[in-house]
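Have a look at data-v8.cif below; it lists mmCIF, C-alpha atoms.
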```
data_upload
loop_
_atom_site.label_atom_id
_atom_site.label_comp_id
_atom_site.auth_asym_id
_atom_site.auth_seq_id
_atom_site.Cartn_x
_atom_site.Cartn_y
_atom_site.Cartn_z
CA MET A 1 -6.25 -21.33 2.28
CA PRO A 2 -3.13 -23.50 2.27
CA PHE A 3 -3.42 -27.21 1.67
CA TYR A 4 -1.97 -30.19 3.50
CA HIS A 5 1.80 -30.05 3.85
CA LYS A 6 4.33 -32.35 5.49
CA LEU A 7 8.00 -31.65 6.13
CA GLY A 8 10.64 -33.60 8.06
CA ASN A 9 9.99 -36.67 10.20
CA ILE A 10 6.72 -37.35 12.01
CA PRO A 11 5.20 -40.43 13.71
CA HIS A 12 2.57 -42.61 12.03
CA LYS A 13 -0.24 -41.34 14.31
CA ARG A 14 -0.87 -38.05 16.08
CA HIS A 15 -0.47 -37.82 19.85
CA THR A 16 1.49 -41.06 20.08
CA GLN A 17 5.03 -41.83 21.24
CA PHE A 18 7.72 -40.43 18.96
CA ARG A 19 11.16 -41.14 20.34
CA LYS A 20 14.69 -39.99 19.60
CA LYS A 21 17.58 -42.39 19.07
CA ASP A 22 18.43 -42.12 22.78
CA GLY A 23 14.92 -43.22 23.71
CA SER A 24 13.63 -39.86 24.95
CA LEU A 25 10.43 -38.35 23.57
CA TYR A 26 10.21 -35.54 21.08
CA SER A 27 7.89 -32.75 22.29
CA GLU A 28 4.68 -32.52 20.27
CA GLN A 29 2.95 -29.16 19.78
CA LEU A 30 -0.43 -28.46 18.24
CA PHE A 31 -0.05 -25.11 16.48
CA GLY A 32 -3.53 -23.87 15.57
CA THR A 33 -5.84 -20.89 15.26
CA ILE A 34 -9.47 -20.13 16.19
CA GLY A 35 -9.25 -22.42 19.18
CA PHE A 36 -9.42 -26.00 17.92
CA ASP A 37 -11.64 -25.00 15.02
CA GLY A 38 -9.23 -23.38 12.56
CA MET A 39 -6.25 -24.56 10.57
CA SER A 40 -3.57 -26.32 12.60
CA THR A 41 -0.24 -28.05 12.37
CA ASN A 42 1.30 -30.76 14.56
CA SER A 43 5.01 -30.14 15.07
CA TYR A 44 7.64 -32.20 16.88
CA HIS A 45 10.44 -30.46 18.77
CA GLU A 46 13.84 -31.49 20.09
CA GLN A 47 13.01 -29.70 23.35
CA PRO A 48 9.77 -28.47 24.93
CA PRO A 49 8.80 -25.15 23.26
CA THR A 50 7.68 -23.77 26.64
CA GLN A 51 10.98 -22.94 28.35
CA VAL A 52 10.92 -19.22 29.18
CA LYS A 53 13.89 -18.14 31.29
CA GLU A 54 13.23 -14.41 31.58
CA ILE A 55 10.94 -11.60 30.44
CA LYS A 56 13.34 -8.70 30.15
CA LYS A 57 11.21 -5.73 29.11
CA GLN A 58 7.91 -4.64 27.58
CA TYR A 59 7.42 -1.59 25.38
CA SER A 60 4.71 -0.16 23.16
CA VAL A 61 4.82 -0.07 19.37
CA ALA A 62 1.21 1.11 19.05
CA PRO A 63 0.61 3.43 16.09
CA LYS A 64 0.32 7.10 17.04
CA ILE A 65 -2.85 8.48 15.51
CA ALA A 66 -2.83 11.84 13.74
CA LYS A 67 -6.33 11.73 12.23
CA GLU A 68 -8.91 9.44 13.75
CA ASN A 69 -11.99 10.54 11.81
CA HIS A 70 -11.67 12.18 8.40
CA LEU A 71 -13.08 12.32 4.88
CA GLN A 72 -9.94 13.36 3.04
CA SER A 73 -8.29 11.46 0.21
CA TYR A 74 -4.55 11.21 0.65
CA ARG A 75 -1.44 10.27 -1.24
CA PHE A 76 1.56 9.06 0.77
CA ARG A 77 5.04 8.90 -0.75
CA GLY A 78 6.16 5.55 0.61
CA PHE A 79 9.75 5.66 -0.57
CA GLN A 80 10.28 8.72 1.65
CA VAL A 81 10.27 6.34 4.62
CA LYS A 82 13.94 6.26 5.60
CA PRO A 83 15.80 2.94 5.71
CA GLU A 84 16.75 1.65 9.14
CA ASN A 85 19.16 -1.08 10.17
CA ASP A 86 16.81 -3.06 12.41
CA TYR A 87 13.89 -4.95 10.88
CA LEU A 88 11.34 -4.21 13.61
CA LYS A 89 12.36 -0.57 14.03
CA SER A 90 12.04 -0.08 10.28
CA ARG A 91 8.33 -0.98 10.36
CA LYS A 92 6.31 2.27 10.21
CA ALA A 93 2.54 1.98 10.66
CA VAL A 94 0.79 4.42 8.31
CA LEU A 95 -2.87 3.37 8.46
CA THR A 96 -4.71 1.37 11.10
CA ASN A 97 -8.05 0.26 12.53
CA SER A 98 -9.16 -2.44 14.94
CA ASP A 99 -8.88 -5.13 12.23
CA CYS A 100 -5.59 -4.38 10.52
CA THR A 101 -2.53 -2.16 10.35
CA ILE A 102 -0.80 -1.16 7.13
CA ILE A 103 2.95 -0.77 7.45
CA LEU A 104 5.85 0.43 5.31
CA ALA A 105 9.36 -0.82 6.02
CA ALA A 106 12.82 -0.32 4.57
CA PRO A 107 15.06 -2.63 6.64
CA LYS A 108 18.76 -2.67 5.77
CA HIS A 109 19.92 -5.62 7.86
CA SER A 110 18.76 -9.17 8.45
CA THR A 111 17.41 -10.18 11.85
CA GLU A 112 20.44 -11.66 13.55
CA ASP A 113 20.27 -11.34 17.35
CA TYR A 114 16.58 -12.10 17.91
CA PHE A 115 13.59 -14.11 16.71
CA TYR A 116 10.22 -12.46 16.10
CA LYS A 117 6.67 -13.65 16.71
CA ASN A 118 3.47 -11.70 16.11
CA SER A 119 0.95 -13.33 18.43
CA ASP A 120 -1.87 -10.92 17.50
CA ALA A 121 -1.94 -10.89 13.73
CA ASP A 122 -1.33 -12.76 10.53
CA GLU A 123 1.20 -10.85 8.43
CA MET A 124 1.15 -10.29 4.69
CA ILE A 125 4.56 -9.01 3.60
CA PHE A 126 4.76 -7.82 -0.01
CA ILE A 127 8.32 -7.62 -1.34
CA HIS A 128 8.63 -4.44 -3.40
CA LYS A 129 12.42 -4.34 -3.34
CA GLY A 130 14.87 -6.94 -2.17
CA SER A 131 15.35 -10.68 -2.03
CA GLY A 132 16.43 -13.20 0.55
CA LYS A 133 15.09 -15.94 2.78
CA LEU A 134 12.25 -16.06 5.29
CA ARG A 135 13.37 -18.44 8.03
CA THR A 136 10.69 -19.87 10.34
CA HIS A 137 10.28 -22.60 12.92
CA LEU A 138 8.20 -24.47 10.30
CA GLY A 139 10.74 -24.16 7.50
CA ASN A 140 12.22 -21.65 5.10
CA LEU A 141 11.04 -19.80 1.99
CA ASP A 142 13.09 -17.88 -0.56
CA PHE A 143 11.62 -14.53 -1.62
CA LYS A 144 12.17 -11.89 -4.28
CA TYR A 145 10.53 -8.86 -5.90
CA GLY A 146 6.78 -9.31 -6.25
CA ASP A 147 6.31 -12.02 -3.63
CA TYR A 148 3.53 -12.09 -1.08
CA LEU A 149 4.68 -13.79 2.12
CA ILE A 150 1.78 -14.99 4.27
CA ILE A 151 2.92 -15.57 7.86
CA PRO A 152 0.17 -16.88 10.18
CA ARG A 153 0.04 -15.47 13.71
CA GLY A 154 2.34 -17.23 16.13
CA ILE A 155 4.95 -18.21 13.53
CA ILE A 156 8.47 -17.62 14.88
CA TYR A 157 10.64 -16.11 12.17
CA LYS A 158 13.74 -14.27 11.04
CA ILE A 159 14.32 -12.53 7.71
CA ASP A 160 17.64 -12.70 5.85
CA PHE A 161 18.11 -10.05 3.16
CA ASP A 162 20.60 -10.35 0.31
CA THR A 163 21.34 -6.61 0.17
CA GLU A 164 20.54 -3.43 2.13
CA ASP A 165 18.08 -2.11 -0.50
CA ASN A 166 14.73 -3.48 0.72
CA ARG A 167 11.21 -2.07 0.56
CA LEU A 168 8.28 -3.91 2.14
CA PHE A 169 4.52 -3.28 2.15
CA ILE A 170 3.05 -5.08 5.17
CA VAL A 171 -0.49 -5.73 6.34
CA GLU A 172 -1.03 -7.02 9.86
CA SER A 173 -4.41 -8.76 10.09
CA ARG A 174 -6.16 -9.53 13.35
CA ARG A 175 -8.31 -11.95 11.34
CA PRO A 176 -6.93 -15.03 9.56
CA ILE A 177 -5.91 -14.42 5.94
CA TYR A 178 -7.36 -16.86 3.40
CA THR A 179 -7.65 -17.21 -0.35
CA PRO A 180 -11.09 -16.03 -1.60
CA LYS A 181 -13.94 -18.47 -0.90
CA ARG A 182 -15.44 -18.04 -4.36
CA TYR A 183 -12.27 -19.49 -5.89
CA ARG A 184 -12.51 -22.71 -3.81
CA ASN A 185 -14.82 -25.71 -3.89
CA HIS A 186 -16.19 -27.17 -0.66
CA PHE A 187 -13.12 -29.42 -0.41
CA GLY A 188 -10.86 -26.33 -0.39
CA GLN A 189 -9.37 -26.88 -3.85
CA LEU A 190 -8.85 -23.80 -6.00
CA LEU A 191 -11.25 -23.89 -8.95
CA GLU A 192 -10.64 -23.46 -12.66
CA HIS A 193 -11.73 -19.81 -12.68
CA SER A 194 -9.30 -18.89 -9.89
CA PRO A 195 -6.56 -16.45 -11.02
CA PHE A 196 -3.96 -18.70 -9.36
CA CYS A 197 -3.78 -22.34 -8.30
CA GLU A 198 -1.97 -24.61 -5.86
CA ARG A 199 1.04 -24.86 -8.19
CA ASP A 200 1.66 -21.15 -7.64
CA ILE A 201 1.73 -21.43 -3.83
CA ARG A 202 5.25 -22.04 -2.52
CA ARG A 203 5.49 -23.95 0.74
CA PRO A 204 8.43 -24.16 3.18
CA TYR A 205 11.05 -26.43 1.68
CA GLU A 206 13.71 -26.84 4.38
CA LEU A 207 13.81 -27.16 8.15
CA GLU A 208 16.51 -25.73 10.37
CA THR A 209 16.62 -28.25 13.19
CA ASN A 210 18.72 -27.07 16.12
CA ASN A 211 19.04 -28.79 19.47
CA GLU A 212 20.73 -26.07 21.49
CA SER A 213 20.27 -24.82 25.02
CA GLY A 214 21.22 -21.30 26.09
CA ASP A 215 19.74 -17.81 25.95
CA PHE A 216 17.63 -17.10 22.87
CA LEU A 217 15.95 -13.70 22.58
CA MET A 218 12.45 -13.74 21.12
CA LYS A 219 10.53 -10.52 20.54
CA VAL A 220 6.82 -11.25 20.86
CA LYS A 221 4.16 -8.76 19.79
CA LYS A 222 1.00 -8.80 21.92
CA GLN A 223 -1.66 -6.07 21.91
CA ASP A 224 0.72 -3.55 20.33
CA ASP A 225 3.45 -4.21 22.90
CA ILE A 226 6.75 -5.97 22.27
CA PHE A 227 7.88 -8.40 24.98
CA ASP A 228 11.56 -9.33 25.07
CA MET A 229 11.52 -12.95 26.21
CA VAL A 230 14.54 -15.18 26.75
CA TYR A 231 13.98 -18.83 25.89
CA ALA A 232 16.16 -21.68 27.14
CA SER A 233 16.14 -23.61 23.86
CA HIS A 234 16.60 -22.68 20.21
CA PRO A 235 13.18 -21.82 18.68
CA PHE A 236 14.11 -23.57 15.42
CA ASP A 237 14.21 -27.13 16.76
CA VAL A 238 11.40 -28.79 14.78
CA VAL A 239 12.25 -32.22 13.33
CA GLY A 240 8.99 -32.51 11.41
CA TYR A 241 5.39 -31.38 11.12
CA ASP A 242 2.23 -31.81 9.11
CA GLY A 243 -1.01 -29.88 8.72
CA TYR A 244 -2.47 -26.75 7.17
CA ASN A 245 -1.07 -23.92 9.30
CA TYR A 246 2.28 -22.75 7.94
CA PRO A 247 3.83 -19.78 6.11
CA TYR A 248 3.68 -19.69 2.32
CA ALA A 249 4.56 -17.48 -0.63
CA LEU A 250 2.72 -16.41 -3.76
CA SER A 251 4.19 -14.18 -6.46
CA ILE A 252 2.08 -11.34 -7.82
CA HIS A 253 3.64 -12.25 -11.18
CA ASP A 254 1.81 -15.60 -11.03
CA PHE A 255 -1.59 -13.91 -10.66
CA GLU A 256 -3.53 -14.40 -13.92
CA PRO A 257 -5.80 -11.40 -14.58
CA ILE A 258 -9.48 -11.76 -15.40
CA THR A 259 -10.56 -9.44 -18.22
CA GLY A 260 -13.75 -8.75 -20.18
CA ARG A 261 -15.40 -6.79 -22.97
CA VAL A 262 -16.10 -3.89 -20.59
CA HIS A 263 -14.31 -2.70 -17.46
CA GLN A 264 -14.24 -5.34 -14.73
CA PRO A 265 -14.90 -4.44 -11.07
CA PRO A 266 -12.12 -4.63 -8.46
CA PRO A 267 -13.22 -8.02 -7.00
CA VAL A 268 -11.82 -9.79 -10.09
CA HIS A 269 -8.38 -8.76 -8.80
CA GLN A 270 -8.95 -10.24 -5.34
CA THR A 271 -6.06 -12.36 -4.06
CA PHE A 272 -6.66 -12.77 -0.31
CA GLU A 273 -9.58 -12.16 2.02
CA THR A 274 -10.49 -11.86 5.67
CA ASP A 275 -13.88 -11.09 7.19
CA ALA A 276 -12.68 -7.49 7.69
CA PHE A 277 -10.79 -6.56 4.49
CA VAL A 278 -9.60 -7.88 1.13
CA ILE A 279 -6.28 -7.72 -0.73
CA CYS A 280 -6.22 -7.40 -4.53
CA SER A 281 -3.48 -7.60 -7.17
CA PHE A 282 -3.49 -5.30 -10.19
CA VAL A 283 -1.18 -6.84 -12.77
CA PRO A 284 -0.26 -6.32 -16.44
CA ARG A 285 -3.28 -7.30 -18.53
CA MET A 286 -5.18 -6.74 -21.75
CA TYR A 287 -7.77 -3.98 -21.63
CA ASP A 288 -11.50 -4.29 -22.28
CA TYR A 289 -12.27 -5.28 -25.87
CA HIS A 290 -15.78 -3.92 -26.46
CA PRO A 291 -15.44 -1.55 -29.47
CA GLN A 292 -16.68 1.37 -27.38
CA SER A 293 -15.16 0.40 -24.04
CA ILE A 294 -13.54 2.90 -21.70
CA PRO A 295 -10.53 1.15 -20.13
CA ALA A 296 -10.22 3.65 -17.29
CA PRO A 297 -12.22 2.76 -14.16
CA TYR A 298 -15.58 4.45 -13.70
CA ASN A 299 -16.30 6.76 -10.77
CA HIS A 300 -17.55 4.85 -7.77
CA SER A 301 -18.60 5.66 -4.22
CA ASN A 302 -16.81 4.08 -1.30
CA ILE A 303 -19.82 3.90 0.98
CA ASP A 304 -18.80 0.85 3.00
CA SER A 305 -15.04 0.59 2.67
CA ASP A 306 -11.79 2.54 2.67
CA GLU A 307 -9.67 1.87 -0.42
CA VAL A 308 -5.87 1.79 -0.19
CA LEU A 309 -3.79 1.32 -3.33
CA TYR A 310 -0.05 0.69 -3.11
CA TYR A 311 1.66 1.45 -6.43
CA VAL A 312 4.45 -0.98 -7.27
CA ASP A 313 5.48 -0.47 -10.88
CA GLY A 314 4.38 0.48 -14.39
CA ASP A 315 2.10 3.19 -15.77
CA PHE A 316 -0.97 3.96 -13.66
CA MET A 317 -3.42 5.01 -16.32
CA SER A 318 -6.17 6.40 -14.08
CA ARG A 319 -3.91 8.55 -11.88
CA ASN A 320 -1.76 11.61 -12.48
CA ASP A 321 1.61 12.12 -10.80
CA ILE A 322 1.84 8.64 -9.27
CA ASP A 323 5.17 6.91 -8.74
CA GLN A 324 6.59 3.72 -7.23
CA GLY A 325 5.89 3.32 -3.54
CA HIS A 326 3.06 5.85 -3.48
CA ILE A 327 -0.07 4.96 -1.52
CA SER A 328 -3.49 6.43 -2.24
CA LEU A 329 -6.19 6.44 0.43
CA HIS A 330 -9.78 6.99 -0.66
CA PRO A 331 -11.98 6.92 2.45
CA ALA A 332 -15.49 5.55 2.75
CA GLY A 333 -18.35 8.00 2.33
CA ILE A 334 -17.19 9.88 -0.76
CA PRO A 335 -16.85 8.97 -4.46
CA HIS A 336 -13.58 8.75 -6.35
CA GLY A 337 -12.52 7.83 -9.83
CA PRO A 338 -10.02 8.58 -12.60
CA HIS A 339 -8.27 11.91 -12.62
CA PRO A 340 -9.51 14.53 -15.12
CA GLY A 341 -8.72 13.61 -18.72
CA THR A 342 -7.57 10.07 -18.00
CA ALA A 343 -10.86 8.42 -19.07
CA GLU A 344 -10.73 10.02 -22.52
CA LYS A 345 -7.01 9.34 -22.74
CA SER A 346 -7.51 5.65 -22.02
CA ILE A 347 -9.84 5.03 -24.99
CA GLY A 348 -8.14 2.94 -27.67
CA LYS A 349 -5.43 1.57 -25.41
CA THR A 350 -5.16 -2.20 -25.53
CA LYS A 351 -3.15 -3.12 -22.42
CA THR A 352 -1.62 -1.89 -19.19
CA GLU A 353 1.67 -2.72 -17.51
CA GLU A 354 0.60 -1.48 -14.07
CA LEU A 355 1.46 -3.40 -10.92
CA ALA A 356 -0.24 -2.52 -7.64
CA VAL A 357 -1.59 -3.99 -4.40
CA MET A 358 -4.97 -2.87 -3.10
CA VAL A 359 -6.38 -3.21 0.42
CA ASP A 360 -10.09 -2.49 0.94
CA THR A 361 -11.13 -2.34 4.60
CA PHE A 362 -14.70 -2.50 5.89
CA LYS A 363 -13.93 -0.25 8.86
CA PRO A 364 -12.47 3.27 8.50
CA LEU A 365 -8.71 3.61 8.64
CA MET A 366 -7.04 6.10 10.94
CA VAL A 367 -4.05 8.05 9.64
CA THR A 368 -0.90 7.88 11.76
CA GLU A 369 1.75 10.45 12.57
CA GLU A 370 4.21 8.43 10.46
CA ALA A 371 1.85 8.73 7.50
CA MET A 372 1.55 12.49 7.85
CA LYS A 373 5.33 12.79 7.50
CA ILE A 374 5.03 11.53 3.91
CA ALA A 375 1.55 12.86 3.06
CA ASP A 376 0.45 14.99 0.15
CA GLU A 377 -2.33 16.95 1.83
CA ASP A 378 -3.47 18.56 -1.45
CA TYR A 379 -4.11 15.22 -3.18
CA TYR A 380 -7.88 15.50 -2.54
CA LYS A 381 -7.93 18.54 -4.88
CA SER A 382 -6.43 16.57 -7.79
CA TRP A 383 -9.90 15.83 -9.29
CA LEU A 384 -10.54 19.53 -9.96
CA ASP A 385 -10.70 20.15 -13.71
CA HIS A 386 -8.28 23.02 -14.13
#
```
As a first step, turn the structure in this file into structure tokens.
Amino acid sequence: MPFYHKLGNIPHKRHTQFRKKDGSLYSEQLFGTIGFDGMSTNSYHEQPPTQVKEIKKQYSVAPKIAKENHLQSYRFRGFQVKPENDYLKSRKAVLTNSDCTIILAAPKHSTEDYFYKNSDADEMIFIHKGSGKLRTHLGNLDFKYGDYLIIPRGIIYKIDFDTEDNRLFIVESRRPIYTPKRYRNHFGQLLEHSPFCERDIRRPYELETNNESGDFLMKVKKQDDIFDMVYASHPFDVVGYDGYNYPYALSIHDFEPITGRVHQPPPVHQTFETDAFVICSFVPRMYDYHPQSIPAPYNHSNIDSDEVLYYVDGDFMSRNDIDQGHISLHPAGIPHGPHPGTAEKSIGKTKTEELAVMVDTFKPLMVTEEAMKIADEDYYKSWLDH
């Protein structure tokens, strides 16, 4: 739930005359979600943002499903996804349902010859490796290792990378992504018990205002198709805006963990929510301090949700043979818990240095063909006590 933000030059009142030095009007655009009921931003453009010259081609990027209905726990070795030069081509969907798609990407090059807009989904891009700048029509954000980038649907953007060594964990959400309701008061302010606050949220800090005419290629995603559209004016031509609907960044390193005398349930790690799934951050923290506590998580049954854990860094105490970039999938309907011996091994430990991102979905996730290329199909047997 972002808060009010203003950048650049705007008129004193909405929907009133705002003129350039030559006397012509700037073009106003209401940029909002959920009809006129959700968060919105009023932006002012050098040229009308509606000038489509040509729709060149349309092609599908829909995930190809390998397993639609299953009850198998999986491990996927994410770093086995091969790097690719192009940002969009590098995005490999590994898990999907009607609410969200989980994607791995290893792009080598910045987006140079096109702009991108996802008109279907908010995007959460977690930066596992790499640094650079997210450039959008509503301003720019610097990013580095550990950053969550929240890009609302409809944002036009490019990504500039500093090097070719980049690893991204992406969640496309067909529902708006918010901060958890229980951390906010009825005014929207983050409360004292929230594991992060407004100071931790980084807003766009610079506008790229271009006033160019020509041929500008924008790739627009709509219902799992990409449309190559040629616009007559530069998409980054905003002179100013204000409102609540804009991209922002939050570092996982700024997430303050909530701990207790005994093991705390996963919701204390919650960072973002939708009405269809949640995103949690597991960060370095002190362990439970009851004298007879068991720091390892207890066995629990996923009756109503699929659990996806993306391992970023550190020592993952409850799992054996887990490395950076691995993804575990524990489907709804069956219990899971620590691997054999890890509960006993955890007793007496005082802290963990683990870093991970969890996605819990309320609808089952289908496994894609891309996921099966990097799957450990024997992972479900790893709870057998040999």
Carefully work through the PyMOL selection byres ((chain A and resi 77-91) around 6) for this structure and note down the residues it includes, as a PDB file with C-alpha atoms, in the frame of the given file.
```pdb
ATOM      1  CA  PHE A  76       1.560   9.060   0.770  1.00  0.00           C
ATOM      2  CA  LYS A  92       6.310   2.270  10.210  1.00  0.00           C
ATOM      3  CA  LEU A 104       5.850   0.430   5.310  1.00  0.00           C
ATOM      4  CA  ALA A 105       9.360  -0.820   6.020  1.00  0.00           C
ATOM      5  CA  ALA A 106      12.820  -0.320   4.570  1.00  0.00           C
ATOM      6  CA  PRO A 107      15.060  -2.630   6.640  1.00  0.00           C
ATOM      7  CA  LYS A 108      18.760  -2.670   5.770  1.00  0.00           C
ATOM      8  CA  HIS A 109      19.920  -5.620   7.860  1.00  0.00           C
ATOM      9  CA  GLY A 325       5.890   3.320  -3.540  1.00  0.00           C
ATOM     10  CA  HIS A 326       3.060   5.850  -3.480  1.00  0.00           C
ATOM     11  CA  ILE A 374       5.030  11.530   3.910  1.00  0.00           C
TER      12      ILE A 374
END
```
Notebook entry, point to check: A:Glu68, A:Asp162, A:Asp99, A:Asp37: which is nearest Thr368 in chain A, counting only C-alpha atoms?
Noted result: A:Glu68
Next item on the list: List the residues matched by the PyMOL selection byres ((chain A and resi 346-358) around 8) in the displayed structure as a count of residues only, ordered by chain and then by residue number.
Entry: 32
Which residues match the PyMOL selection byres ((chain A and resi 246) around 8) in the file above, as an mmCIF file with C-alpha atoms, keeping the file's coordinate frame?
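Writing done, so here's result31.cif:
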```
data_model
loop_
_atom_site.group_PDB
_atom_site.id
_atom_site.type_symbol
_atom_site.label_atom_id
_atom_site.label_comp_id
_atom_site.auth_asym_id
_atom_site.auth_seq_id
_atom_site.Cartn_x
_atom_site.Cartn_y
_atom_site.Cartn_z
ATOM 1 C CA PRO A 2 -3.130 -23.500 2.270
ATOM 2 C CA THR A 41 -0.240 -28.050 12.370
ATOM 3 C CA LEU A 138 8.200 -24.470 10.300
ATOM 4 C CA ILE A 151 2.920 -15.570 7.860
ATOM 5 C CA PRO A 152 0.170 -16.880 10.180
ATOM 6 C CA ILE A 155 4.950 -18.210 13.530
ATOM 7 C CA ARG A 203 5.490 -23.950 0.740
ATOM 8 C CA PRO A 204 8.430 -24.160 3.180
ATOM 9 C CA GLY A 243 -1.010 -29.880 8.720
ATOM 10 C CA TYR A 244 -2.470 -26.750 7.170
ATOM 11 C CA ASN A 245 -1.070 -23.920 9.300
ATOM 12 C CA PRO A 247 3.830 -19.780 6.110
ATOM 13 C CA TYR A 248 3.680 -19.690 2.320
#
```
From (-4.0, -29.6, 17.4), in the file's coordinates, out to 8 Å: which residues are reached, counting only C-alpha atoms? Answer as a PDB file with C-alpha atoms, in the frame of the given file.
```pdb
ATOM      1  CA  GLN A  29       2.950 -29.160  19.780  1.00  0.00           C
ATOM      2  CA  LEU A  30      -0.430 -28.460  18.240  1.00  0.00           C
ATOM      3  CA  PHE A  31      -0.050 -25.110  16.480  1.00  0.00           C
ATOM      4  CA  GLY A  32      -3.530 -23.870  15.570  1.00  0.00           C
ATOM      5  CA  PHE A  36      -9.420 -26.000  17.920  1.00  0.00           C
ATOM      6  CA  SER A  40      -3.570 -26.320  12.600  1.00  0.00           C
ATOM      7  CA  THR A  41      -0.240 -28.050  12.370  1.00  0.00           C
ATOM      8  CA  ASN A  42       1.300 -30.760  14.560  1.00  0.00           C
TER       9      ASN A  42
END
```
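Straight-line separation from CA of Arg175 in chain A to CA of Phe3 in chain A: 18.7 Å.
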Note to self: If I take CA of Tyr241 in chain A and CA of Asp142 in chain A, how far is one from the other in Å, to one decimal?
What the structure shows: 19.4 Å
Would you mind listing, for every residue of range 71-162 of chain A within 12 Å of range 255-272 of chain A, the two atoms forming the shortest contact and the distance between them in Å to one decimal, using all atoms listed in the file, sorted by chain and ascending residue number, as JSON lines?
```
{"residue": "A:Glu123", "atom": "CA", "partner": "A:Phe272", "partner_atom": "CA", "distance": 11.9}
{"residue": "A:Met124", "atom": "CA", "partner": "A:Phe272", "partner_atom": "CA", "distance": 9.6}
{"residue": "A:Gly146", "atom": "CA", "partner": "A:Phe255", "partner_atom": "CA", "distance": 10.5}
{"residue": "A:Asp147", "atom": "CA", "partner": "A:Phe255", "partner_atom": "CA", "distance": 10.7}
{"residue": "A:Tyr148", "atom": "CA", "partner": "A:Thr271", "partner_atom": "CA", "distance": 10.0}
{"residue": "A:Leu149", "atom": "CA", "partner": "A:Phe272", "partner_atom": "CA", "distance": 11.6}
{"residue": "A:Ile150", "atom": "CA", "partner": "A:Phe272", "partner_atom": "CA", "distance": 9.9}
```
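Minimum atom-to-atom distance to Ala93 in chain A, evaluated using only C-alpha atoms, belongs to A:Lys64 out of A:Lys64, A:His70, A:Arg135, A:Lys181.
What separates CA of Arg202 in chain A from CA of Leu141 in chain A is a distance of 7.7 Å.
Shortest atom-to-atom contact with His45 in chain A among A:Val238, A:Cys197, A:Ile322, A:Ile156: A:Val238, counting only C-alpha atoms.
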Check: Quick one: of A:Tyr178, A:Tyr59, A:Tyr26, A:Tyr74, who's nearest to Tyr379 in chain A, counting only C-alpha atoms?
Finding: A:Tyr74
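Among the candidates A:Ser305, A:Asp237, A:His193, A:Leu365, the residue lying nearest to Lys67 in chain A is A:Leu365 (atoms considered: only C-alpha atoms).
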Item checked: For Tyr4 in chain A, the nearest of the candidates A:Phe277, A:Phe362, A:Phe187, A:Phe227, counting only C-alpha atoms -> A:Phe187
Notebook entry, point to check: What's the 8 Å shell around Val171 in chain A, counting only C-alpha atoms, without same-chain residues fewer than 4 positions away, as a PyMOL selection string?
Noted result: chain A and resi 100-103+123-125
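Residues in contact with Lys221 in chain A at 9 Å, where all atoms listed in the file are counted and same-chain residues fewer than 5 positions away are skipped, are listed as Val61, Tyr116, Lys117, Asn118, Ser119, Asp120, Ala121, Ile226 and Phe227 of chain A.
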Checklist line | Polymer residues at most 12 Å from Phe216 in chain A, all atoms listed in the file, same-chain spacing of 2 or more positions, as a PyMOL selection string | finding: chain A and resi 49+51-56+112-116+212-214+218-219+228-236
